[in-house]
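Asks: My structure is stored as upload35.cif, with mmCIF, C-alpha atoms.
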```cif
data_start
#
loop_
_atom_site.label_atom_id
_atom_site.label_comp_id
_atom_site.auth_asym_id
_atom_site.auth_seq_id
_atom_site.Cartn_x
_atom_site.Cartn_y
_atom_site.Cartn_z
CA MET A 627 54.39 70.29 58.70
CA LYS A 628 53.50 67.08 60.51
CA LYS A 629 51.71 65.86 57.41
CA LYS A 630 54.81 66.40 55.28
CA ILE A 631 57.02 64.60 57.79
CA PHE A 632 54.62 61.65 57.79
CA CYS A 633 54.19 61.45 53.98
CA PHE A 634 57.85 61.41 53.03
CA PRO A 635 58.71 58.14 54.82
CA LEU A 636 55.48 56.61 53.47
CA ILE A 637 56.36 57.57 49.90
CA LEU A 638 59.89 56.31 50.42
CA LEU A 639 58.56 53.01 51.79
CA ILE A 640 56.23 52.57 48.81
CA PHE A 641 59.11 53.30 46.44
CA LEU A 642 61.40 50.75 48.12
CA ILE A 643 58.69 48.07 48.11
CA SER A 644 57.89 48.78 44.47
CA SER A 645 61.57 48.63 43.55
CA GLN A 646 61.94 45.29 45.30
CA LEU A 647 58.89 43.92 43.49
CA VAL A 648 60.30 45.05 40.16
CA SER A 649 63.64 43.48 41.03
CA ASN A 650 61.98 40.20 42.00
CA ALA A 651 59.85 40.26 38.85
CA GLN A 652 62.94 40.51 36.70
CA GLN A 653 64.38 37.26 37.98
CA ARG A 654 62.49 34.40 36.43
CA GLU A 655 62.63 30.64 36.41
CA VAL A 656 63.17 29.74 32.77
CA ASN A 657 61.98 26.39 31.44
CA THR A 658 62.69 25.14 27.95
CA LEU A 659 59.66 24.80 25.69
CA GLY A 660 58.55 21.17 25.48
CA ILE A 661 58.17 19.06 22.35
CA GLY A 662 54.60 19.37 21.08
CA ALA A 663 54.09 22.81 22.62
CA GLU A 664 52.71 25.64 20.53
CA ALA A 665 55.12 28.39 19.50
CA PRO A 666 54.83 31.42 21.81
CA ASP A 667 54.20 34.59 19.85
CA PHE A 668 56.63 37.51 19.99
CA ASN A 669 56.97 41.09 18.85
CA LEU A 670 60.65 41.92 18.48
CA PRO A 671 62.68 44.54 16.61
CA GLY A 672 64.96 43.35 13.84
CA ILE A 673 68.20 44.76 12.52
CA ASP A 674 66.33 46.06 9.47
CA GLY A 675 64.22 48.42 11.58
CA LYS A 676 61.08 46.28 11.38
CA ASN A 677 59.27 44.44 14.14
CA TYR A 678 58.54 40.73 13.67
CA SER A 679 55.95 38.34 15.07
CA LEU A 680 54.90 34.78 14.22
CA ASP A 681 52.46 36.15 11.64
CA ASP A 682 55.37 37.39 9.56
CA PHE A 683 56.34 33.76 8.94
CA SER A 684 52.86 32.34 8.33
CA GLU A 685 53.61 31.57 4.69
CA TYR A 686 56.17 28.91 5.64
CA GLU A 687 55.35 25.26 6.18
CA VAL A 688 58.21 24.91 8.66
CA LEU A 689 59.61 27.56 11.00
CA PHE A 690 63.21 27.43 12.22
CA ILE A 691 63.93 29.67 15.23
CA VAL A 692 67.46 29.82 16.58
CA PHE A 693 68.65 31.74 19.62
CA TRP A 694 71.89 33.40 18.65
CA ALA A 695 74.64 35.72 19.94
CA ASN A 696 77.26 37.90 18.30
CA HIS A 697 79.89 37.29 20.96
CA CYS A 698 79.56 33.52 21.24
CA PRO A 699 82.37 31.54 19.57
CA THR A 700 80.02 28.58 19.13
CA ALA A 701 77.47 30.71 17.28
CA GLN A 702 80.24 32.16 15.11
CA ALA A 703 81.43 28.64 14.34
CA TYR A 704 77.96 27.84 13.01
CA GLU A 705 77.40 31.02 11.00
CA ASP A 706 78.34 29.60 7.62
CA ARG A 707 76.34 26.43 8.21
CA LEU A 708 73.27 28.43 9.20
CA ILE A 709 73.58 30.64 6.13
CA GLU A 710 73.89 27.49 4.00
CA LEU A 711 70.76 25.98 5.61
CA VAL A 712 68.82 29.13 4.78
CA ASN A 713 70.04 29.11 1.19
CA THR A 714 69.02 25.46 0.84
CA TYR A 715 65.56 25.54 2.44
CA ARG A 716 64.25 29.09 2.21
CA THR A 717 62.69 28.36 -1.20
CA LYS A 718 61.34 25.00 -0.04
CA GLY A 719 58.89 26.34 2.51
CA VAL A 720 61.11 26.89 5.54
CA GLY A 721 61.21 30.21 7.36
CA PHE A 722 64.24 31.20 9.41
CA VAL A 723 64.67 33.71 12.21
CA ALA A 724 67.47 34.29 14.73
CA ILE A 725 66.82 35.89 18.11
CA SER A 726 69.50 37.38 20.33
CA PRO A 727 68.30 36.81 23.93
CA ASN A 728 71.28 38.29 25.77
CA SER A 729 71.23 41.39 27.92
CA PRO A 730 74.28 43.46 26.92
CA LYS A 731 74.61 44.56 30.56
CA ALA A 732 75.14 40.95 31.66
CA VAL A 733 77.94 40.29 29.16
CA SER A 734 81.39 40.93 30.61
CA LEU A 735 84.27 42.20 28.51
CA ALA A 736 86.06 39.00 29.52
CA GLU A 737 83.43 37.05 27.56
CA LEU A 738 84.22 38.94 24.35
CA GLY A 739 87.60 37.36 23.75
CA TYR A 740 86.49 35.59 20.57
CA THR A 741 84.73 38.48 18.92
CA ASP A 742 84.99 42.11 17.92
CA LEU A 743 81.38 42.84 18.86
CA GLY A 744 79.00 42.76 21.79
CA ASP A 745 75.34 41.77 21.81
CA ASP A 746 73.53 45.10 21.52
CA MET A 747 71.42 46.00 18.51
CA ASP A 748 74.05 48.22 16.85
CA ASP A 749 76.59 45.40 16.97
CA MET A 750 74.01 42.93 15.65
CA VAL A 751 73.57 45.17 12.60
CA ILE A 752 77.32 45.19 12.02
CA ARG A 753 77.73 41.42 12.36
CA ALA A 754 74.81 40.66 10.07
CA ARG A 755 76.22 43.02 7.44
CA ASP A 756 79.76 41.65 7.74
CA LYS A 757 78.67 38.01 7.38
CA GLY A 758 75.80 38.55 4.97
CA TYR A 759 73.04 37.14 7.18
CA ASN A 760 70.19 36.00 4.96
CA PHE A 761 67.57 35.76 7.72
CA PRO A 762 65.85 38.19 10.12
CA TYR A 763 67.95 38.86 13.23
CA LEU A 764 65.91 40.05 16.22
CA TYR A 765 66.88 41.66 19.52
CA ASP A 766 65.39 40.50 22.84
CA GLY A 767 67.99 41.67 25.33
CA ASP A 768 65.99 44.27 27.26
CA ASP A 769 63.24 42.22 28.89
CA HIS A 770 63.60 38.75 27.27
CA ALA A 771 59.89 38.85 26.44
CA ALA A 772 60.26 36.16 23.77
CA SER A 773 63.25 34.29 25.11
CA ILE A 774 61.75 33.38 28.49
CA PRO A 775 58.76 31.50 27.00
CA TYR A 776 61.03 29.55 24.65
CA GLY A 777 63.64 28.91 27.32
CA PRO A 778 66.88 28.55 25.36
CA VAL A 779 69.76 27.23 27.45
CA ALA A 780 72.63 28.26 25.19
CA THR A 781 73.53 29.98 21.96
CA PRO A 782 72.92 28.58 19.46
CA HIS A 783 69.72 26.74 20.43
CA VAL A 784 67.35 25.64 17.66
CA PHE A 785 63.54 25.29 17.84
CA ILE A 786 61.80 23.87 14.73
CA PHE A 787 58.00 24.06 14.35
CA ASP A 788 55.59 22.36 11.96
CA SER A 789 52.92 24.04 9.82
CA GLU A 790 50.60 24.32 12.81
CA ARG A 791 53.48 25.84 14.81
CA PHE A 792 53.89 22.98 17.23
CA LEU A 793 57.43 22.26 18.35
CA ARG A 794 58.85 19.15 16.68
CA TYR A 795 62.59 19.54 17.29
CA ARG A 796 64.80 21.41 19.74
CA GLY A 797 68.55 21.31 20.25
CA ARG A 798 71.70 21.62 18.17
CA ILE A 799 72.28 22.22 14.47
CA ASP A 800 74.63 19.24 14.32
CA ASP A 801 77.10 17.45 16.58
CA THR A 802 80.31 19.26 15.63
CA GLU A 803 81.06 22.76 16.88
CA ASN A 804 84.43 22.80 15.11
CA PRO A 805 83.85 24.45 11.71
CA TYR A 806 86.92 22.73 10.26
CA ILE A 807 85.51 19.23 10.81
CA GLU A 808 82.59 17.57 9.03
CA PRO A 809 79.76 16.77 11.46
CA ASN A 810 78.68 13.20 12.10
CA THR A 811 75.01 14.13 12.34
CA SER A 812 72.72 16.71 10.75
CA ASP A 813 70.02 16.86 13.39
CA ALA A 814 68.35 20.15 12.45
CA LYS A 815 68.49 19.38 8.73
CA ASP A 816 67.00 15.91 9.34
CA ALA A 817 64.14 17.50 11.28
CA ILE A 818 63.44 19.93 8.45
CA GLU A 819 63.46 17.14 5.86
CA ALA A 820 61.09 15.02 7.91
CA LEU A 821 58.59 17.84 8.39
CA LEU A 822 58.67 18.82 4.72
CA ALA A 823 57.94 15.19 3.85
CA GLY A 824 55.04 15.07 6.30
CA GLN A 825 56.85 12.60 8.52
CA GLU A 826 57.62 12.43 12.21
CA VAL A 827 60.95 13.91 13.21
CA PRO A 828 63.28 10.97 13.96
CA LEU A 829 65.26 12.65 16.76
CA LYS A 830 63.20 15.23 18.60
CA GLU A 831 65.63 16.50 21.24
CA THR A 832 69.39 16.93 21.49
CA PRO A 833 71.62 18.86 23.89
CA SER A 834 72.55 22.38 22.85
CA PHE A 835 76.22 23.14 23.47
CA GLY A 836 77.30 26.77 23.47
CA CYS A 837 77.43 29.98 25.50
CA SER A 838 75.03 30.43 28.38
CA ILE A 839 72.15 32.89 28.03
CA LYS A 840 72.98 36.24 29.60
CA TRP A 841 69.74 37.00 31.44
CA LYS A 842 69.63 40.58 32.71
CA TRP A 843 69.23 39.46 36.33
CA ASN A 844 72.47 37.48 36.16
CA ASP A 845 74.80 40.46 35.76
CA GLN A 846 76.52 40.14 39.11
CA TRP A 847 79.47 38.22 37.68
CA ALA A 848 80.16 41.02 35.21
CA ARG A 849 79.89 43.62 37.98
CA ASN A 850 82.20 41.65 40.27
CA LEU A 851 84.77 41.35 37.51
CA GLU A 852 84.67 45.09 36.90
CA LYS A 853 85.31 45.59 40.61
CA GLN A 854 88.26 43.17 40.53
CA TRP A 855 89.77 44.99 37.56
CA ALA A 856 89.36 48.33 39.34
CA GLU A 857 91.24 46.99 42.35
CA MET A 858 94.18 45.52 40.44
CA PRO A 859 97.53 47.29 41.02
CA VAL A 860 98.71 49.72 38.36
CA SER A 861 102.39 50.48 37.79
CA VAL A 862 104.73 52.05 35.27
CA ASP A 863 108.31 50.95 34.63
CA MET A 864 111.12 52.94 33.07
CA ILE A 865 112.46 51.58 29.78
CA ASP A 866 115.43 52.45 27.56
CA ILE A 867 115.94 52.15 23.81
CA LYS A 868 117.26 48.60 24.09
CA GLY A 869 114.15 47.57 26.03
CA ILE A 870 111.87 49.25 23.50
CA LYS A 871 113.50 47.40 20.64
CA GLU A 872 112.92 44.16 22.53
CA LEU A 873 109.25 45.04 22.92
CA ILE A 874 108.95 45.58 19.18
CA ALA A 875 110.83 42.36 18.42
CA ASN A 876 108.18 40.51 20.46
CA GLU A 877 110.02 37.29 21.14
CA THR A 878 106.96 35.88 22.89
CA GLU A 879 104.00 33.70 21.97
CA ASN A 880 101.58 36.59 22.42
CA LEU A 881 100.00 38.93 19.95
CA ARG A 882 101.12 42.33 21.20
CA LEU A 883 99.34 45.68 20.97
CA ILE A 884 101.68 48.60 21.75
CA ASN A 885 100.37 52.12 22.17
CA VAL A 886 102.73 55.10 22.28
CA TRP A 887 101.09 58.03 24.07
CA ALA A 888 101.64 60.99 26.39
CA THR A 889 99.67 62.75 29.10
CA TRP A 890 99.83 66.06 27.19
CA CYS A 891 98.37 64.46 24.03
CA GLY A 892 94.61 65.07 23.82
CA PRO A 893 93.84 62.28 21.31
CA CYS A 894 95.89 59.87 23.44
CA ILE A 895 93.68 60.62 26.44
CA VAL A 896 90.52 60.20 24.37
CA GLU A 897 91.39 56.76 23.03
CA PHE A 898 92.95 55.24 26.16
CA PRO A 899 89.73 53.88 27.72
CA ASP A 900 89.11 51.89 24.53
CA LEU A 901 92.57 50.37 24.80
CA VAL A 902 91.88 49.31 28.39
CA SER A 903 88.62 47.68 27.27
CA ILE A 904 90.45 45.88 24.47
CA ASP A 905 92.97 44.58 26.98
CA ARG A 906 90.17 43.24 29.17
CA MET A 907 88.52 41.54 26.23
CA TYR A 908 91.55 39.60 24.99
CA ARG A 909 93.88 39.22 27.99
CA GLY A 910 92.52 35.72 28.57
CA ARG A 911 94.01 34.63 25.24
CA ASP A 912 97.51 34.85 23.75
CA PHE A 913 97.43 38.62 23.80
CA GLU A 914 98.95 41.52 25.72
CA PHE A 915 98.49 45.27 25.67
CA ILE A 916 101.51 47.45 26.42
CA SER A 917 101.43 51.21 26.83
CA LEU A 918 104.59 53.25 26.24
CA SER A 919 104.55 56.83 27.47
CA ALA A 920 106.59 59.43 25.58
CA ASP A 921 106.34 61.90 28.48
CA ASN A 922 109.54 63.34 29.88
CA PRO A 923 110.95 61.02 32.58
CA SER A 924 110.40 63.76 35.18
CA ARG A 925 106.63 63.35 34.70
CA ARG A 926 106.55 59.79 35.96
CA ASP A 927 104.14 60.64 38.78
CA ASN A 928 101.73 62.27 36.31
CA VAL A 929 101.92 59.24 34.04
CA LEU A 930 101.22 56.86 36.91
CA LYS A 931 98.31 58.95 38.16
CA PHE A 932 96.70 58.92 34.72
CA LEU A 933 97.17 55.16 34.38
CA GLU A 934 95.67 54.58 37.82
CA ASN A 935 92.63 56.66 36.89
CA GLN A 936 92.25 54.53 33.77
CA GLU A 937 92.58 51.29 35.81
CA ALA A 938 95.30 50.29 33.34
CA ALA A 939 96.51 47.10 35.04
CA ASN A 940 98.42 46.05 31.92
CA GLN A 941 102.17 46.46 31.37
CA ASN A 942 103.03 50.17 31.22
CA TYR A 943 106.36 51.80 30.39
CA LEU A 944 107.80 55.31 30.41
CA TYR A 945 110.68 56.10 28.04
CA ASN A 946 113.64 57.06 30.23
CA ASP A 947 115.13 59.73 27.93
CA ASN A 948 114.14 62.99 26.26
CA ASP A 949 115.50 62.02 22.82
CA LYS A 950 112.20 61.57 20.97
CA TYR A 951 113.87 60.85 17.65
CA ALA A 952 115.68 57.86 19.11
CA LEU A 953 112.28 56.73 20.41
CA ILE A 954 110.73 57.04 16.95
CA GLU A 955 113.57 55.07 15.37
CA ALA A 956 113.29 52.30 17.94
CA VAL A 957 109.51 51.95 17.76
CA ASP A 958 108.76 52.13 14.05
CA LYS A 959 110.85 53.47 11.18
CA GLU A 960 107.64 54.26 9.27
CA TRP A 961 106.28 56.38 12.13
CA GLN A 962 106.43 60.11 11.46
CA GLY A 963 106.30 60.98 15.16
CA ALA A 964 102.68 62.07 15.69
CA LEU A 965 100.94 60.79 18.80
CA PRO A 966 99.20 58.53 19.46
CA HIS A 967 100.81 55.72 17.50
CA THR A 968 99.74 52.10 17.90
CA LEU A 969 101.18 48.87 16.57
CA LEU A 970 99.80 45.33 16.41
CA ILE A 971 102.75 42.96 16.44
CA ALA A 972 102.72 39.20 15.88
CA PRO A 973 105.03 36.84 17.77
CA GLY A 974 108.43 37.18 16.14
CA GLY A 975 108.07 40.90 15.46
CA GLU A 976 106.00 41.16 12.30
CA ILE A 977 103.99 44.39 12.39
CA LEU A 978 100.50 43.33 11.35
CA ALA A 979 98.92 46.78 11.55
CA ARG A 980 99.78 50.41 12.22
CA TYR A 981 97.15 52.78 13.62
CA ALA A 982 98.08 56.45 13.23
CA GLY A 983 96.16 58.86 15.43
CA VAL A 984 93.09 57.87 17.44
CA ILE A 985 92.25 54.22 16.91
CA ASN A 986 88.96 52.95 15.54
CA PRO A 987 88.22 50.40 18.30
CA LEU A 988 86.21 48.13 15.99
CA THR A 989 89.05 48.01 13.46
CA VAL A 990 91.60 47.11 16.13
CA LYS A 991 89.37 44.47 17.71
CA ARG A 992 88.65 42.98 14.31
CA ASP A 993 92.36 42.79 13.50
CA ILE A 994 93.04 41.14 16.86
CA VAL A 995 90.30 38.52 16.69
CA ASN A 996 90.99 37.74 13.04
CA TYR A 997 94.53 36.84 14.10
CA LEU A 998 93.64 34.98 17.29
CA GLY A 999 90.58 33.27 15.80
CA ARG A 1000 86.85 33.38 16.50
CA TYR A 1001 86.35 29.75 17.54
CA PHE A 1002 87.45 27.56 20.40
CA ALA A 1003 89.01 25.37 17.73
CA ASP A 1004 91.50 28.15 16.95
CA ASP A 1005 93.18 27.90 20.36
#
```
Turn the structure described in the file into structure tokens.
Replies:
Amino acid sequence: MKKKIFCFPLILLIFLISSQLVSNAQQREVNTLGIGAEAPDFNLPGIDGKNYSLDDFSEYEVLFIVFWANHCPTAQAYEDRLIELVNTYRTKGVGFVAISPNSPKAVSLAELGYTDLGDDMDDMVIRARDKGYNFPYLYDGDDHAASIPYGPVATPHVFIFDSERFLRYRGRIDDTENPYIEPNTSDAKDAIEALLAGQEVPLKETPSFGCSIKWKWNDQWARNLEKQWAEMPVSVDMIDIKGIKELIANETENLRLINVWATWCGPCIVEFPDLVSIDRMYRGRDFEFISLSADNPSRRDNVLKFLENQEAANQNYLYNDNDKYALIEAVDKEWQGALPHTLLIAPGGEILARYAGVINPLTVKRDIVNYLGRYFADD
């Protein structure tokens, strides 16, 4: 018995020490690869189900590696230009590969306001398919095994290597993030041209403007934000037919997502967490989510309890009457009355989309961001 009492604290102590060592090992000082340095090798999974290393690009005279991110508005602003670069130089001896360095756990919903997708592998597959990526797209968000040696500071961040795989250029693609404006420089293209011609790259380093890398050890901000959201007050206000019509008219400057639901509606309960996440993604832009409960007014306490459990700190209403047909008429004349029913309404009252039944979150997010815009230039 004494032996057991002694061993348990010892095992516990070893576990705690080991856990602390693992935790400390995760946090790393990251330095950007210097000009003239040899390309660090990697072994990363791609969206096509294959793993890639430097050897897979050995046939190319020049290798263009860019650190990339689905969620980043700067990366999205450069998508078409990157695809064009690949189309221009892929047959001229230049290999291209994009690496996503971000840990999905370190990306807050608040950072997804310019996208419909996060940075995990499944979402990478979707984005590459939607945009027609013509280059390998690799995931490095679990342990940053490749990203740490390269040391990107932002997405996008370009590293261009010569035939011997020594770094000859690092930095931006060009000097204009705004996709609607012609750039003044073509830094990455100039580097490629110089290397293909056997010449020295004229400008070897430039700053790289974009979204910060989401290292897995820097997730505290995302966790703190989740805690703040959980602590925000939740309320529900009564609303009459006149007020509902005003909601639908949307005489505001915000894109408005309105969800009609009820506590007794199973599909409504299933989809509600996705609506809360959508609200958290886009609330920092010209957007608002409004829930409208079709419960009987006597169930106000039940409605509020549900909303509190969902941490729904958006604007919530409860219809103050039992006349459901008046509710249907006020909300949407094309609505047949089945719950849930969701509308996306532009400023001025134009109904951009109707979602009957349980929403497809990706479809709703895509409709929202396509209206609000994917780039900083759209604001």
Asks: If you count only C-alpha atoms, which residues fall within 8 Å of Asp788 of chain A, apart from same-chain ones fewer than 5 positions away, as a PyMOL selection string?
Replies: chain A and resi 687-689+793-794+821
Asks: Using only C-alpha atoms, find each residue of segment 749-772 of chain A with at least one atom at most 6 Å away from an atom of segment 666-682 of chain A; report its shortest atom-to-atom pair and that distance in Å (one decimal), sort the rows by chain and rising residue number, and return the result as a Markdown table.
Replies:
```
| residue | atom | partner | partner_atom | distance |
| --- | --- | --- | --- | --- |
| A:Val751 | CA | A:Ile673 | CA | 5.4 |
| A:Tyr763 | CA | A:Gly672 | CA | 5.4 |
| A:Leu764 | CA | A:Gly672 | CA | 4.2 |
| A:Tyr765 | CA | A:Pro671 | CA | 5.9 |
| A:Ala772 | CA | A:Phe668 | CA | 5.4 |
```
Asks: Would you translate the PyMOL selection byres ((chain A and resi 882) around 10) into the concrete set of residues it matches in this file, as a list of chain:residue names?
Replies: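 So the PyMOL selection byres ((chain A and resi 882) around 10) ends up selecting A:Leu873, A:Ile874, A:Asn876, A:Thr878, A:Glu879, A:Asn880, A:Leu881, A:Leu883, A:Ile884, A:Asn885, A:Asp912, A:Phe913, A:Glu914, A:Phe915, A:Ile916, A:Leu969, A:Leu970, A:Ile971, A:Ala972, A:Pro973, A:Gly975, A:Ile977, A:Leu978, A:Ile994.
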Asks: Hey, which of A:His783, A:Arg925, A:His770, A:Lys815 ends up closest to Lys842 of chain A? Count all atoms listed in the file.
Replies: A:His770
Asks: Go ahead and compute the interatomic distance for atom CA of Asp947 of chain A and atom CA of Phe898 of chain A, in Å to one decimal.
Replies: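 Computing it gives 22.7 Å between the two atoms.
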Asks: Could you jot down the atom CA of Trp694 of chain A to atom CA of Val784 of chain A separation for me, Å, one decimal place?
Replies: 9.0 Å
Asks: Which is closer to Trp887 of chain A than all the others in A:Leu933, A:Ile867, A:Ala938, A:Leu965, using only C-alpha atoms?
Replies: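 Ranking A:Leu933, A:Ile867, A:Ala938, A:Leu965 by distance to Trp887 of chain A, first place goes to A:Leu965.
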Asks: Can you work out which one of A:Pro805, A:Gly739, A:Gly660, A:Gly892 has the shortest atom-to-atom distance to Arg911 of chain A, counting all atoms listed in the file?
Replies: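 The closest residue to Arg911 of chain A is A:Gly739.
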Asks: Using all atoms listed in the file, which of the listed residues (A:Ile786, A:Val827, A:Val779, A:Ile661) sits closest to Ile839 of chain A?
Replies: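 Counting all atoms listed in the file, the residue closest to Ile839 of chain A is A:Val779.
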Asks: What residues come out when you apply the PyMOL selection byres ((chain A and resi 776) around 10) to this file, written as a ChimeraX atom specification?
Replies: /A:656-660,663,665-667,691,693,770-775,777-779,785
Asks: Once the PyMOL selection byres ((chain A and resi 868) around 12) has been evaluated on this model, what residues remain selected, and can you format them as a PyMOL selection string?
Replies: chain A and resi 864-867+869-875+945-947+952-953+955-957
Asks: Could the centre and edge lengths of an axis-aligned box, enclosing all atoms of segment 665-673 of chain A in the file with 5 Å extra on each side, be given in Å to one decimal as lines of an AutoDock Vina configuration file?
Replies:
```
center_x = 61.2
center_y = 36.6
center_z = 17.2
size_x = 24.0
size_y = 26.4
size_z = 19.3
```
Asks: When you look at Ala848 of chain A with a cut-off of 7 Å (counting all atoms listed in the file), what residues show up, excluding the ones that are within fewer than 2 positions of it in the same chain? I need them as an MDAnalysis selection string.
Replies: chainID A and resid 732:734 845:846 850:852
Asks: Hey, can you check how far atom CA of Val860 of chain A sits from atom CA of Tyr908 of chain A?
Replies: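 Result for atom CA of Val860 of chain A versus atom CA of Tyr908 of chain A: 18.2 Å, one decimal.
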Asks: Between A:Ser838, A:Ser789, A:Thr989, A:Ser812, single out the one closest to Thr700 of chain A, counting only C-alpha atoms.
Replies: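 Smallest distance to Thr700 of chain A is found for A:Ser838.
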Asks: Check the smallest atom-to-atom distance from each of A:Asn804, A:Asn940, A:Thr717, A:Asn986 to Glu705 of chain A using only C-alpha atoms, then report the winner.
Replies: A:Asn804
Asks: Determine, counting all atoms listed in the file, which protein, DNA and RNA residues have an atom within 12 Å of an atom of Asp1004 of chain A; residues of the same chain fewer than 2 positions away are not included. Present the result as an MDAnalysis selection string.
Replies: chainID A and resid 699:700 703 740 803:806 911:912 995:1002
Asks: Set the distance at 7 Å and use only C-alpha atoms: which residues neighbour Asp813 of chain A once local chain neighbours fewer than 4 positions away are removed? I'd like the list as an mmCIF file with C-alpha atoms, in the coordinates of the input.
Replies:
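Below is the file that was written, around.cif:
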```cif
data_model
loop_
_atom_site.group_PDB
_atom_site.id
_atom_site.type_symbol
_atom_site.label_atom_id
_atom_site.label_comp_id
_atom_site.auth_asym_id
_atom_site.auth_seq_id
_atom_site.Cartn_x
_atom_site.Cartn_y
_atom_site.Cartn_z
ATOM 1 C CA ARG A 798 71.700 21.620 18.170
ATOM 2 C CA ILE A 799 72.280 22.220 14.470
ATOM 3 C CA ASP A 800 74.630 19.240 14.320
ATOM 4 C CA ALA A 817 64.140 17.500 11.280
#
```
